[in-house]
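File shown here: entry03.cif, holding mmCIF, C-alpha atoms.
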```cif
data_run
#
loop_
_atom_site.label_atom_id
_atom_site.label_comp_id
_atom_site.auth_asym_id
_atom_site.auth_seq_id
_atom_site.Cartn_x
_atom_site.Cartn_y
_atom_site.Cartn_z
CA MET T 1 7.67 -40.80 6.10
CA SER T 2 9.76 -42.21 3.27
CA GLU T 3 11.56 -39.92 0.86
CA HIS T 4 9.44 -41.12 -2.06
CA SER T 5 6.10 -40.48 -0.34
CA HIS T 6 7.32 -37.18 0.99
CA HIS T 7 8.32 -35.97 -2.46
CA GLY T 8 4.97 -37.14 -3.76
CA HIS T 9 3.30 -34.62 -1.42
CA SER T 10 5.58 -31.66 -2.19
CA HIS T 11 2.60 -29.63 -3.44
CA ARG T 12 1.00 -29.87 0.02
CA TRP T 13 3.83 -27.97 1.73
CA VAL T 14 3.97 -24.16 1.62
CA LEU T 15 5.68 -21.31 3.43
CA CYS T 16 3.36 -18.46 4.35
CA PRO T 17 4.39 -15.44 2.23
CA HIS T 18 3.68 -13.06 5.11
CA CYS T 19 5.07 -14.79 8.20
CA ASP T 20 7.19 -17.65 6.75
CA MET T 21 5.47 -20.36 8.80
CA THR T 22 5.79 -23.86 7.37
CA ILE T 23 2.34 -25.28 6.62
CA LYS T 24 1.14 -28.60 5.28
CA LEU T 25 -2.09 -27.96 3.42
CA PRO T 26 -5.05 -30.27 4.01
CA GLY T 27 -7.15 -31.57 1.17
CA LEU T 28 -9.47 -28.70 0.31
CA THR T 29 -12.99 -29.22 -0.99
CA PRO T 30 -14.51 -26.66 -3.42
CA GLY T 31 -15.65 -23.57 -1.56
CA THR T 32 -13.11 -23.87 1.27
CA ARG T 33 -9.80 -22.13 1.87
CA ALA T 34 -6.62 -22.65 3.87
CA ILE T 35 -5.56 -19.91 6.29
CA CYS T 36 -2.19 -19.49 7.98
CA PRO T 37 -2.67 -20.34 11.70
CA ARG T 38 -0.17 -17.70 12.77
CA CYS T 39 -0.90 -14.54 10.73
CA GLU T 40 -4.30 -15.58 9.30
CA THR T 41 -3.26 -14.91 5.70
CA THR T 42 -5.28 -16.83 3.11
CA ILE T 43 -2.88 -19.38 1.67
CA SER T 44 -5.11 -21.14 -0.85
CA THR T 45 -8.75 -21.17 -1.97
CA ALA T 46 -10.40 -24.17 -3.60
CA TRP T 47 -12.73 -23.13 -6.42
CA HIS T 48 -15.14 -25.39 -8.26
CA GLU T 49 -13.62 -25.92 -11.74
CA PRO T 50 -11.07 -23.10 -11.28
CA LEU T 51 -9.69 -23.20 -14.83
CA ARG T 52 -13.11 -22.92 -16.46
CA ARG T 53 -13.99 -20.05 -14.15
CA LEU T 54 -10.79 -18.25 -15.08
CA MET T 55 -11.32 -18.77 -18.80
CA ALA T 56 -14.94 -17.61 -18.65
CA TYR T 57 -14.25 -14.46 -16.66
CA ALA T 58 -11.10 -13.55 -18.61
CA PHE T 59 -12.75 -14.05 -22.00
CA SER T 60 -15.87 -12.09 -20.96
CA ALA T 61 -13.70 -9.26 -19.62
CA LEU T 62 -11.73 -8.99 -22.85
CA VAL T 63 -14.92 -8.88 -24.94
CA MET T 64 -16.33 -6.13 -22.71
CA LEU T 65 -13.04 -4.21 -22.90
CA ALA T 66 -13.13 -4.30 -26.69
CA LEU T 67 -16.74 -3.07 -26.78
CA ALA T 68 -15.98 -0.30 -24.29
CA ASN T 69 -13.20 1.00 -26.55
CA VAL T 70 -15.24 0.77 -29.76
CA PHE T 71 -18.24 2.81 -28.65
CA PRO T 72 -18.40 6.36 -27.23
CA PHE T 73 -17.92 6.42 -23.46
CA ILE T 74 -19.55 9.55 -21.96
CA SER T 75 -20.78 12.94 -23.15
CA ILE T 76 -21.59 16.37 -21.73
CA SER T 77 -23.92 19.13 -22.89
CA VAL T 78 -23.30 22.73 -21.78
CA MET T 79 -25.46 25.61 -23.06
CA GLY T 80 -26.33 23.77 -26.25
CA MET T 81 -22.77 22.58 -26.90
CA THR T 82 -22.14 18.82 -26.74
CA ASN T 83 -18.86 16.97 -26.43
CA GLN T 84 -18.55 13.19 -26.60
CA ILE T 85 -15.43 11.14 -25.87
CA SER T 86 -14.26 7.55 -26.14
CA LEU T 87 -11.80 5.86 -23.79
CA LEU T 88 -8.92 6.28 -26.22
CA GLN T 89 -9.53 10.03 -26.47
CA ILE T 90 -8.72 10.47 -22.77
CA PRO T 91 -4.95 9.82 -23.07
CA GLN T 92 -4.91 11.68 -26.39
CA ALA T 93 -6.20 14.80 -24.63
CA MET T 94 -3.39 14.58 -22.07
CA VAL T 95 -0.83 14.18 -24.87
CA ASP T 96 -2.24 17.30 -26.53
CA ASP T 97 -1.77 19.15 -23.23
CA ARG T 98 1.87 17.97 -23.08
CA TYR T 99 1.29 15.57 -20.21
CA ARG T 100 2.57 12.47 -21.96
CA PHE T 101 3.60 10.85 -18.68
CA LEU T 102 0.04 10.96 -17.33
CA ALA T 103 -1.26 9.65 -20.66
CA THR T 104 1.21 6.76 -20.49
CA ILE T 105 0.22 5.98 -16.89
CA PHE T 106 -3.45 5.99 -17.88
CA LEU T 107 -2.90 3.63 -20.81
CA LEU T 108 -0.71 1.28 -18.75
CA PHE T 109 -2.75 1.04 -15.56
CA VAL T 110 -6.25 1.25 -17.04
CA GLN T 111 -5.97 -0.55 -20.38
CA ILE T 112 -2.68 -2.29 -21.22
CA ILE T 113 -1.89 -4.03 -17.93
CA PRO T 114 -5.43 -5.39 -17.33
CA ALA T 115 -5.67 -6.57 -20.96
CA THR T 116 -2.22 -8.18 -20.82
CA CYS T 117 -3.10 -10.06 -17.62
CA LEU T 118 -6.36 -11.33 -19.09
CA VAL T 119 -4.65 -12.52 -22.28
CA ALA T 120 -2.02 -14.26 -20.15
CA ILE T 121 -4.76 -16.02 -18.16
CA LEU T 122 -6.38 -17.28 -21.35
CA LEU T 123 -3.09 -18.53 -22.81
CA LEU T 124 -2.11 -20.28 -19.57
CA THR T 125 -5.49 -21.95 -19.05
CA LEU T 126 -6.49 -22.82 -22.62
CA ASN T 127 -3.29 -24.46 -23.82
CA LYS T 128 -1.77 -27.05 -21.50
CA ARG T 129 1.03 -27.79 -23.98
CA LEU T 130 2.26 -24.21 -24.06
CA SER T 131 6.06 -24.17 -24.23
CA PRO T 132 7.82 -23.39 -20.91
CA ILE T 133 9.81 -20.78 -22.82
CA LEU T 134 6.54 -18.85 -23.18
CA SER T 135 4.45 -20.04 -20.22
CA ILE T 136 7.00 -19.25 -17.48
CA PRO T 137 7.49 -15.57 -18.49
CA LEU T 138 3.71 -15.26 -18.96
CA ALA T 139 3.03 -16.53 -15.44
CA LYS T 140 5.75 -14.34 -13.95
CA GLY T 141 4.36 -11.24 -15.67
CA LEU T 142 0.77 -12.11 -14.76
CA PHE T 143 1.32 -12.39 -11.02
CA TYR T 144 3.44 -9.26 -10.87
CA LEU T 145 1.35 -7.01 -13.09
CA LYS T 146 -2.11 -7.91 -11.80
CA ASN T 147 -1.61 -5.70 -8.74
CA TRP T 148 -0.98 -2.70 -11.01
CA GLY T 149 -4.25 -2.89 -12.92
CA MET T 150 -6.55 0.00 -11.98
CA ALA T 151 -9.61 -0.37 -14.20
CA GLU T 152 -12.03 -0.35 -11.26
CA ILE T 153 -10.30 2.69 -9.74
CA PHE T 154 -10.74 4.52 -13.03
CA LEU T 155 -14.44 3.62 -12.94
CA ALA T 156 -14.67 5.16 -9.47
CA GLY T 157 -12.93 8.25 -10.83
CA VAL T 158 -15.48 8.47 -13.64
CA LEU T 159 -18.35 8.34 -11.14
CA VAL T 160 -16.71 11.04 -9.02
CA SER T 161 -16.17 13.22 -12.10
CA PHE T 162 -19.91 13.03 -12.83
CA VAL T 163 -20.61 14.96 -9.63
CA LYS T 164 -18.22 17.73 -10.66
CA LEU T 165 -19.55 17.80 -14.22
CA MET T 166 -23.17 18.07 -13.11
CA ALA T 167 -22.39 21.61 -11.97
CA TYR T 168 -21.53 22.51 -15.56
CA GLY T 169 -24.07 20.66 -17.67
CA LYS T 170 -25.90 17.44 -18.48
CA ILE T 171 -23.98 14.15 -18.42
CA GLY T 172 -24.75 11.35 -20.86
CA LEU T 173 -23.78 7.70 -20.41
CA GLU T 174 -22.96 6.36 -23.86
CA MET T 175 -22.78 2.81 -25.21
CA GLY T 176 -19.18 2.27 -24.11
CA PHE T 177 -19.84 3.01 -20.44
CA TRP T 178 -21.89 -0.13 -19.70
CA PRO T 179 -19.41 -2.64 -21.21
CA TRP T 180 -16.71 -0.96 -19.12
CA CYS T 181 -18.69 -1.60 -15.93
CA LEU T 182 -19.07 -5.26 -16.91
CA PHE T 183 -15.38 -5.42 -17.81
CA CYS T 184 -14.42 -4.22 -14.32
CA LEU T 185 -16.66 -6.81 -12.68
CA CYS T 186 -15.40 -9.71 -14.82
CA GLN T 187 -11.77 -8.66 -14.40
CA LEU T 188 -12.07 -8.43 -10.61
CA ARG T 189 -13.76 -11.82 -10.52
CA ALA T 190 -11.03 -13.36 -12.70
CA PHE T 191 -8.28 -12.04 -10.41
CA GLN T 192 -10.20 -13.26 -7.37
CA CYS T 193 -10.34 -16.82 -8.80
CA LEU T 194 -6.69 -16.75 -9.88
CA GLU T 195 -4.76 -19.23 -7.72
CA ARG T 196 -1.00 -19.12 -8.09
CA HIS T 197 -0.40 -22.80 -7.28
CA VAL T 198 -3.05 -23.94 -9.81
CA ILE T 199 -1.42 -22.01 -12.65
CA TRP T 200 2.11 -23.13 -11.80
CA GLN T 201 1.04 -26.74 -11.32
CA ARG T 202 -0.32 -26.59 -14.88
CA ILE T 203 3.03 -25.30 -16.14
CA SER T 204 5.34 -27.60 -14.17
CA SER T 205 5.16 -29.97 -11.21
CA VAL T 206 6.43 -28.87 -7.82
CA PRO T 207 10.11 -29.84 -7.43
CA PRO T 208 10.95 -32.39 -4.69
CA LEU T 209 11.51 -30.91 -1.27
CA PRO T 210 15.22 -30.58 -0.43
CA ILE T 211 14.63 -31.71 3.18
CA THR T 212 11.73 -32.95 5.26
CA PRO T 213 10.03 -29.78 6.60
CA THR T 214 8.59 -29.42 10.07
CA ALA T 215 5.19 -27.73 10.24
CA GLY T 216 4.62 -24.89 12.69
CA ILE T 217 8.04 -23.21 12.55
CA SER T 218 9.51 -20.72 10.12
CA GLY T 219 11.14 -21.79 6.91
CA LEU T 220 14.23 -19.71 7.70
CA ALA T 221 14.79 -21.75 10.87
CA GLN T 222 14.94 -24.86 8.65
CA ASN T 223 17.20 -23.25 6.01
CA LEU T 224 14.26 -23.11 3.60
CA ARG T 225 12.77 -20.32 1.55
CA SER T 226 9.75 -19.98 -0.69
CA CYS T 227 10.14 -18.89 -4.29
CA PRO T 228 8.39 -15.48 -4.53
CA CYS T 229 7.23 -16.34 -8.04
CA CYS T 230 5.94 -19.95 -8.05
CA THR T 231 5.92 -20.67 -4.25
CA ALA T 232 8.17 -23.74 -4.60
CA ILE T 233 10.17 -24.53 -1.45
CA VAL T 234 13.94 -24.54 -1.96
CA LEU T 235 17.03 -24.30 0.23
CA ALA T 236 17.57 -20.80 1.61
CA ASP T 237 21.06 -20.59 0.12
CA ASN T 238 19.87 -21.70 -3.32
CA PRO T 239 19.57 -18.44 -5.33
CA VAL T 240 17.66 -19.90 -8.32
CA CYS T 241 14.32 -21.72 -8.20
CA PRO T 242 14.52 -25.02 -10.13
CA ARG T 243 10.90 -24.66 -11.23
CA CYS T 244 10.57 -21.12 -12.62
CA HIS T 245 14.27 -20.13 -12.66
CA GLN T 246 13.50 -16.98 -10.66
CA ARG T 247 16.29 -15.62 -8.49
CA GLY T 248 15.29 -15.15 -4.88
CA TYR T 249 16.44 -14.86 -1.30
CA ALA T 250 15.25 -15.97 2.10
CA ARG T 251 14.45 -12.32 2.79
CA LYS T 252 14.26 -9.39 0.38
CA PRO T 253 17.76 -7.85 0.17
CA GLN T 254 17.98 -4.49 1.93
CA SER T 255 14.22 -4.43 2.30
CA LEU T 256 14.05 -1.69 4.94
CA GLN T 257 16.60 0.50 3.14
CA TRP T 258 14.67 0.35 -0.14
CA THR T 259 11.36 0.86 1.64
CA LEU T 260 12.51 3.94 3.51
CA SER T 261 14.34 5.43 0.51
CA LEU T 262 11.20 5.23 -1.64
CA LEU T 263 9.09 6.49 1.26
CA VAL T 264 11.26 9.55 1.87
CA THR T 265 11.18 10.38 -1.84
CA SER T 266 7.37 10.16 -1.85
CA VAL T 267 7.17 12.45 1.21
CA ILE T 268 9.35 15.04 -0.55
CA LEU T 269 7.00 15.01 -3.55
CA TYR T 270 3.83 14.81 -1.48
CA ILE T 271 4.17 18.33 -0.06
CA PRO T 272 4.25 20.20 -3.41
CA ALA T 273 1.69 17.76 -4.83
CA ASN T 274 -0.85 19.05 -2.30
CA ILE T 275 0.11 22.71 -2.67
CA MET T 276 0.44 23.03 -6.44
CA PRO T 277 -2.70 23.00 -8.63
CA ILE T 278 -3.66 19.63 -10.06
CA MET T 279 -6.21 21.06 -12.49
CA VAL T 280 -6.78 24.32 -14.39
CA THR T 281 -10.29 25.43 -15.36
CA ASP T 282 -10.53 27.96 -18.19
CA ALA T 283 -14.04 29.49 -18.25
CA LEU T 284 -14.79 32.35 -20.66
CA GLY T 285 -11.11 33.18 -20.94
CA SER T 286 -10.50 33.27 -17.18
CA ALA T 287 -8.17 30.48 -16.01
CA SER T 288 -8.01 29.34 -12.39
CA GLY T 289 -6.06 26.48 -10.83
CA SER T 290 -7.22 24.27 -7.98
CA ASN T 291 -5.37 21.82 -5.78
CA ILE T 292 -6.75 18.66 -4.19
CA MET T 293 -8.12 20.37 -1.09
CA ALA T 294 -9.79 23.06 -3.19
CA GLY T 295 -11.61 20.34 -5.11
CA VAL T 296 -12.82 18.79 -1.86
CA ILE T 297 -14.09 22.17 -0.63
CA PHE T 298 -15.84 22.80 -3.95
CA LEU T 299 -17.72 19.49 -3.77
CA TRP T 300 -18.62 20.10 -0.13
CA ASN T 301 -20.02 23.57 -0.87
CA GLU T 302 -22.02 22.14 -3.80
CA GLY T 303 -23.76 19.78 -1.39
CA SER T 304 -21.95 16.67 -2.63
CA TRP T 305 -20.42 15.94 0.77
CA PRO T 306 -20.32 12.13 0.31
CA ILE T 307 -18.18 12.54 -2.85
CA ALA T 308 -16.13 15.23 -1.10
CA MET T 309 -15.43 12.78 1.71
CA ILE T 310 -14.44 10.06 -0.78
CA ILE T 311 -11.96 12.40 -2.50
CA PHE T 312 -10.64 13.62 0.86
CA ILE T 313 -10.14 10.06 2.12
CA ALA T 314 -8.67 8.68 -1.12
CA SER T 315 -6.45 11.63 -2.09
CA ILE T 316 -5.43 13.20 1.24
CA LEU T 317 -6.11 10.89 4.16
CA VAL T 318 -5.08 7.58 2.53
CA PRO T 319 -1.69 8.78 1.16
CA SER T 320 -0.87 10.44 4.48
CA MET T 321 -1.87 7.42 6.54
CA LYS T 322 -0.11 5.08 4.11
CA ILE T 323 3.15 6.99 4.46
CA LEU T 324 2.85 6.89 8.25
CA ALA T 325 1.87 3.20 8.20
CA ILE T 326 4.86 2.17 6.05
CA GLY T 327 7.14 4.16 8.32
CA TRP T 328 5.60 2.45 11.36
CA LEU T 329 6.03 -0.99 9.78
CA SER T 330 9.67 -0.27 8.97
CA TRP T 331 10.27 1.01 12.51
CA ASN T 332 8.74 -2.13 14.00
CA ALA T 333 10.54 -4.50 11.61
CA GLY T 334 13.81 -2.76 12.45
CA GLY T 335 13.52 -3.99 16.04
CA TYR T 336 11.85 -1.01 17.67
CA GLY T 337 8.44 -0.61 19.26
CA ALA T 338 6.14 -3.25 20.70
CA ARG T 339 6.19 -6.77 19.26
CA ASP T 340 2.54 -6.81 18.28
CA ASN T 341 2.85 -8.83 15.09
CA HIS T 342 -0.85 -9.38 14.54
CA ARG T 343 -1.55 -5.65 14.65
CA MET T 344 1.36 -4.98 12.31
CA GLN T 345 0.05 -7.67 9.96
CA VAL T 346 -3.34 -5.93 9.79
CA VAL T 347 -1.62 -2.61 9.09
CA TYR T 348 0.39 -4.19 6.28
CA GLU T 349 -2.68 -5.75 4.67
CA ILE T 350 -4.54 -2.42 4.79
CA VAL T 351 -1.57 -0.65 3.20
CA GLU T 352 -1.49 -3.24 0.41
CA PHE T 353 -5.20 -2.90 -0.27
CA VAL T 354 -5.80 0.85 -0.17
CA GLY T 355 -2.59 2.09 -1.79
CA ARG T 356 -3.83 2.02 -5.39
CA TRP T 357 -7.06 3.88 -4.62
CA SER T 358 -5.27 7.19 -4.22
CA MET T 359 -5.07 7.28 -8.04
CA VAL T 360 -8.79 8.08 -8.19
CA ASP T 361 -8.16 11.85 -8.23
CA VAL T 362 -5.68 11.50 -11.12
CA PHE T 363 -8.32 9.63 -13.12
CA VAL T 364 -10.92 12.30 -12.28
CA ILE T 365 -8.62 14.89 -13.83
CA ALA T 366 -8.07 12.65 -16.86
CA VAL T 367 -11.84 12.42 -17.49
CA LEU T 368 -12.46 16.14 -16.94
CA SER T 369 -9.57 17.27 -19.14
CA ALA T 370 -10.76 15.07 -22.01
CA LEU T 371 -14.49 15.78 -21.74
CA VAL T 372 -14.63 19.48 -20.88
CA ARG T 373 -13.40 20.91 -24.20
CA MET T 374 -15.93 23.59 -25.11
CA GLY T 375 -13.84 26.00 -27.16
CA SER T 376 -13.98 29.53 -25.75
CA LEU T 377 -16.78 28.58 -23.30
CA MET T 378 -14.95 26.22 -20.93
CA ASN T 379 -11.89 23.95 -20.90
CA VAL T 380 -10.18 21.85 -18.22
CA TYR T 381 -6.48 20.98 -18.26
CA PRO T 382 -4.24 18.92 -15.96
CA ALA T 383 -1.57 20.78 -14.01
CA GLU T 384 1.83 19.98 -12.49
CA GLY T 385 0.35 18.88 -9.16
CA ALA T 386 -1.39 15.93 -10.85
CA LEU T 387 1.96 14.67 -12.15
CA LEU T 388 3.57 14.94 -8.71
CA PHE T 389 0.63 13.29 -6.99
CA CYS T 390 0.72 10.42 -9.49
CA LEU T 391 4.42 9.92 -8.71
CA VAL T 392 3.65 9.91 -4.97
CA VAL T 393 1.10 7.10 -5.40
CA ILE T 394 3.47 5.03 -7.56
CA LEU T 395 6.41 5.51 -5.18
CA THR T 396 4.37 4.51 -2.13
CA MET T 397 3.21 1.40 -3.98
CA PHE T 398 6.82 0.50 -4.77
CA SER T 399 7.73 1.22 -1.15
CA ALA T 400 5.04 -1.17 0.11
CA GLN T 401 6.25 -3.83 -2.34
CA ALA T 402 9.85 -3.42 -1.18
CA PHE T 403 8.83 -4.07 2.43
CA ASP T 404 9.21 -7.69 3.55
CA PRO T 405 6.43 -8.52 6.08
CA ARG T 406 8.32 -11.63 7.22
CA LEU T 407 10.75 -9.31 9.04
CA LEU T 408 7.96 -8.52 11.50
CA TRP T 409 7.57 -12.19 12.39
CA ASP T 410 11.32 -12.81 12.51
CA ARG T 411 11.31 -10.74 15.70
CA GLU T 412 8.96 -13.28 17.28
CA SER T 413 11.31 -16.12 16.34
CA ILE T 414 14.24 -14.22 17.85
CA LYS T 415 12.23 -13.60 21.02
CA LYS T 416 11.38 -17.29 21.38
CA HIS T 417 15.02 -18.22 20.83
CA GLU T 418 16.08 -15.77 23.57
CA GLU T 419 13.48 -17.15 25.98
CA GLU T 420 14.60 -20.72 25.31
CA SER T 421 18.23 -19.74 25.91
CA ILE T 422 17.31 -18.14 29.26
CA GLU T 423 15.37 -21.24 30.33
CA GLN T 424 18.34 -23.45 29.53
#
```

Structure translated into structure tokens:
Amino acid sequence: MSEHSHHGHSHRWVLCPHCDMTIKLPGLTPGTRAICPRCETTISTAWHEPLRRLMAYAFSALVMLALANVFPFISISVMGMTNQISLLQIPQAMVDDRYRFLATIFLLFVQIIPATCLVAILLLTLNKRLSPILSIPLAKGLFYLKNWGMAEIFLAGVLVSFVKLMAYGKIGLEMGFWPWCLFCLCQLRAFQCLERHVIWQRISSVPPLPITPTAGISGLAQNLRSCPCCTAIVLADNPVCPRCHQRGYARKPQSLQWTLSLLVTSVILYIPANIMPIMVTDALGSASGSNIMAGVIFLWNEGSWPIAMIIFIASILVPSMKILAIGWLSWNAGGYGARDNHRMQVVYEIVEFVGRWSMVDVFVIAVLSALVRMGSLMNVYPAEGALLFCLVVILTMFSAQAFDPRLLWDRESIKKHEEESIEQ
């Protein structure tokens, strides 16, 4: 293959972000996808008219988000007393209770980050002549922040809170609730159709390949690395991507050290987060605190065992298993344990997917503390345990992001090299 023709097909070459295998993508027809032959990670999906899909879903989601914030969200009636709240009153209630950190987390994860990502999608897809000075930071922020949006998790928390509130009074779904449901659906669909290479190709063409790659072996073995931001292939010792100007490395620096440091910190906080009360209920002047397990037991005794199981799995089982799973991944990547890369890959993908869902209990508390404000009759407040539990979820998410899954597959390359040396 000549150098000119090879450079003309630079966009066809990719390095798998999970196992670092060098892959030459085939021509994809709409409705098909390319999967890594080694770790089975989805590399690319071909959508029919991807830019129009993105624009339609992003615009619809933003309209629904605006409507959800304009109208009242939910209401509750207890013994003739009615309280109605909007979405913006939820963080305000936490600020009033001196939990500004939780209010900030709510605004960021539930409203600001999803809205910012959707606006970025519209700007990047509507205007092809957008200046690189603006488009490159927009694309960088979009692909980093989209994993931190938790609008659908908040919706799950609202549904769970309904079960708890039904024991106190009658729940009303107001005009803002239905646009929020549609917003969650449109936002999820927009993120599903968001293809990194399509967006970056619109911003700037793929730079020429520095060398002729060989498919089927790792990029590191060829002195190549993939830009973590725009996926361009550059030399491993080149610290700056010529396309997006993002600094990067062949492997995340001190990945295991950062992963384990964040993990140990989350374990230290996880113990008091489960012991200390996460919520205080003040009924007729008598205040009582309850931790996560107490909430599960309450729902179980009320006959809502499916919701109790959801809370138990999301708030107790998932964080515990995630901590153990990240520790197991780090142990394996450090050169210990069996070299079962496919199993480790599945564990890593599960950790990536379920980590955010532990926030559901924090959002349940946010809804209850804002809605149950009945004067001297009944009030609900967040407690210190909710703050600690929120920090645990965030730290475990950072820990999972610090882990480099390619370290798992590097062991396989080392093993093959050792076997070849023995044969020779």

To verify the selection step, state as a compact mmCIF listing (two decimals) with C-alpha atoms, keeping the file's coordinate frame which residues the PyMOL selection byres ((chain T and resi 161) around 12) yields on this input.
```txt
# COMPACT_ATOMS: atom_id res chain seq x y z
CA ILE T 74 -19.55 9.55 -21.96
CA SER T 75 -20.78 12.94 -23.15
CA ILE T 76 -21.59 16.37 -21.73
CA PHE T 154 -10.74 4.52 -13.03
CA LEU T 155 -14.44 3.62 -12.94
CA ALA T 156 -14.67 5.16 -9.47
CA GLY T 157 -12.93 8.25 -10.83
CA VAL T 158 -15.48 8.47 -13.64
CA LEU T 159 -18.35 8.34 -11.14
CA VAL T 160 -16.71 11.04 -9.02
CA PHE T 162 -19.91 13.03 -12.83
CA VAL T 163 -20.61 14.96 -9.63
CA LYS T 164 -18.22 17.73 -10.66
CA LEU T 165 -19.55 17.80 -14.22
CA MET T 166 -23.17 18.07 -13.11
CA ALA T 167 -22.39 21.61 -11.97
CA TYR T 168 -21.53 22.51 -15.56
CA ILE T 171 -23.98 14.15 -18.42
CA GLY T 295 -11.61 20.34 -5.11
CA LEU T 299 -17.72 19.49 -3.77
CA SER T 304 -21.95 16.67 -2.63
CA ILE T 307 -18.18 12.54 -2.85
CA ALA T 308 -16.13 15.23 -1.10
CA ILE T 310 -14.44 10.06 -0.78
CA ILE T 311 -11.96 12.40 -2.50
CA VAL T 360 -8.79 8.08 -8.19
CA ASP T 361 -8.16 11.85 -8.23
CA VAL T 362 -5.68 11.50 -11.12
CA PHE T 363 -8.32 9.63 -13.12
CA VAL T 364 -10.92 12.30 -12.28
CA ILE T 365 -8.62 14.89 -13.83
CA ALA T 366 -8.07 12.65 -16.86
CA VAL T 367 -11.84 12.42 -17.49
CA LEU T 368 -12.46 16.14 -16.94
CA SER T 369 -9.57 17.27 -19.14
CA ALA T 370 -10.76 15.07 -22.01
CA LEU T 371 -14.49 15.78 -21.74
CA VAL T 372 -14.63 19.48 -20.88
```

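Residues matching the PyMOL selection byres ((chain T and resi 329-343) around 7) in this structure come to T:Cys39, T:Leu256, T:Ala325, T:Ile326, T:Gly327, T:Trp328, T:Met344, T:Gln345, T:Val346, T:Val347, T:Leu407, T:Leu408, T:Trp409.
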
Next on the checklist: For this structure, which residues satisfy the selection - the PyMOL selection byres ((chain T and resi 29-31) around 9) - when it is evaluated on the file as given? I want them as a ChimeraX atom specification.
Outcome noted: /T:27-28,32-33,45-49

Would you list the residues near (3.4, 5.1, -3.9) (no more than 12 Å away, in the coordinates of the file, using all atoms listed in the file) as a PDB file with C-alpha atoms, in the coordinates of the input?
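For reference, selection-v6.pdb as written:
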```
ATOM      1  CA  TRP T 148      -0.980  -2.700 -11.010  1.00  0.00           C
ATOM      2  CA  THR T 259      11.360   0.860   1.640  1.00  0.00           C
ATOM      3  CA  LEU T 260      12.510   3.940   3.510  1.00  0.00           C
ATOM      4  CA  SER T 261      14.340   5.430   0.510  1.00  0.00           C
ATOM      5  CA  LEU T 262      11.200   5.230  -1.640  1.00  0.00           C
ATOM      6  CA  LEU T 263       9.090   6.490   1.260  1.00  0.00           C
ATOM      7  CA  VAL T 264      11.260   9.550   1.870  1.00  0.00           C
ATOM      8  CA  THR T 265      11.180  10.380  -1.840  1.00  0.00           C
ATOM      9  CA  SER T 266       7.370  10.160  -1.850  1.00  0.00           C
ATOM     10  CA  VAL T 267       7.170  12.450   1.210  1.00  0.00           C
ATOM     11  CA  LEU T 269       7.000  15.010  -3.550  1.00  0.00           C
ATOM     12  CA  TYR T 270       3.830  14.810  -1.480  1.00  0.00           C
ATOM     13  CA  SER T 315      -6.450  11.630  -2.090  1.00  0.00           C
ATOM     14  CA  VAL T 318      -5.080   7.580   2.530  1.00  0.00           C
ATOM     15  CA  PRO T 319      -1.690   8.780   1.160  1.00  0.00           C
ATOM     16  CA  SER T 320      -0.870  10.440   4.480  1.00  0.00           C
ATOM     17  CA  MET T 321      -1.870   7.420   6.540  1.00  0.00           C
ATOM     18  CA  LYS T 322      -0.110   5.080   4.110  1.00  0.00           C
ATOM     19  CA  ILE T 323       3.150   6.990   4.460  1.00  0.00           C
ATOM     20  CA  ILE T 326       4.860   2.170   6.050  1.00  0.00           C
ATOM     21  CA  VAL T 351      -1.570  -0.650   3.200  1.00  0.00           C
ATOM     22  CA  GLU T 352      -1.490  -3.240   0.410  1.00  0.00           C
ATOM     23  CA  VAL T 354      -5.800   0.850  -0.170  1.00  0.00           C
ATOM     24  CA  GLY T 355      -2.590   2.090  -1.790  1.00  0.00           C
ATOM     25  CA  ARG T 356      -3.830   2.020  -5.390  1.00  0.00           C
ATOM     26  CA  TRP T 357      -7.060   3.880  -4.620  1.00  0.00           C
ATOM     27  CA  SER T 358      -5.270   7.190  -4.220  1.00  0.00           C
ATOM     28  CA  MET T 359      -5.070   7.280  -8.040  1.00  0.00           C
ATOM     29  CA  LEU T 388       3.570  14.940  -8.710  1.00  0.00           C
ATOM     30  CA  PHE T 389       0.630  13.290  -6.990  1.00  0.00           C
ATOM     31  CA  CYS T 390       0.720  10.420  -9.490  1.00  0.00           C
ATOM     32  CA  LEU T 391       4.420   9.920  -8.710  1.00  0.00           C
ATOM     33  CA  VAL T 392       3.650   9.910  -4.970  1.00  0.00           C
ATOM     34  CA  VAL T 393       1.100   7.100  -5.400  1.00  0.00           C
ATOM     35  CA  ILE T 394       3.470   5.030  -7.560  1.00  0.00           C
ATOM     36  CA  LEU T 395       6.410   5.510  -5.180  1.00  0.00           C
ATOM     37  CA  THR T 396       4.370   4.510  -2.130  1.00  0.00           C
ATOM     38  CA  MET T 397       3.210   1.400  -3.980  1.00  0.00           C
ATOM     39  CA  PHE T 398       6.820   0.500  -4.770  1.00  0.00           C
ATOM     40  CA  SER T 399       7.730   1.220  -1.150  1.00  0.00           C
ATOM     41  CA  ALA T 400       5.040  -1.170   0.110  1.00  0.00           C
ATOM     42  CA  GLN T 401       6.250  -3.830  -2.340  1.00  0.00           C
ATOM     43  CA  ALA T 402       9.850  -3.420  -1.180  1.00  0.00           C
TER      44      ALA T 402
END
```

Item to check | Point-to-point distance from CA of Leu107 (chain T) to CA of Ala151 (chain T), Å rounded to tenths | outcome: 10.2 Å

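You will find CA of Thr41 (chain T) at 23.4 Å from CA of Met150 (chain T).
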
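You will find CA of Gly169 (chain T) at 5.4 Å from CA of Ser77 (chain T).
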
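Minimum atom-to-atom distances from T:Ser131, T:Gln257, T:Asn274, T:Asn147 to Phe109 (chain T) were compared using all atoms listed in the file, and the lowest value belongs to T:Asn147.
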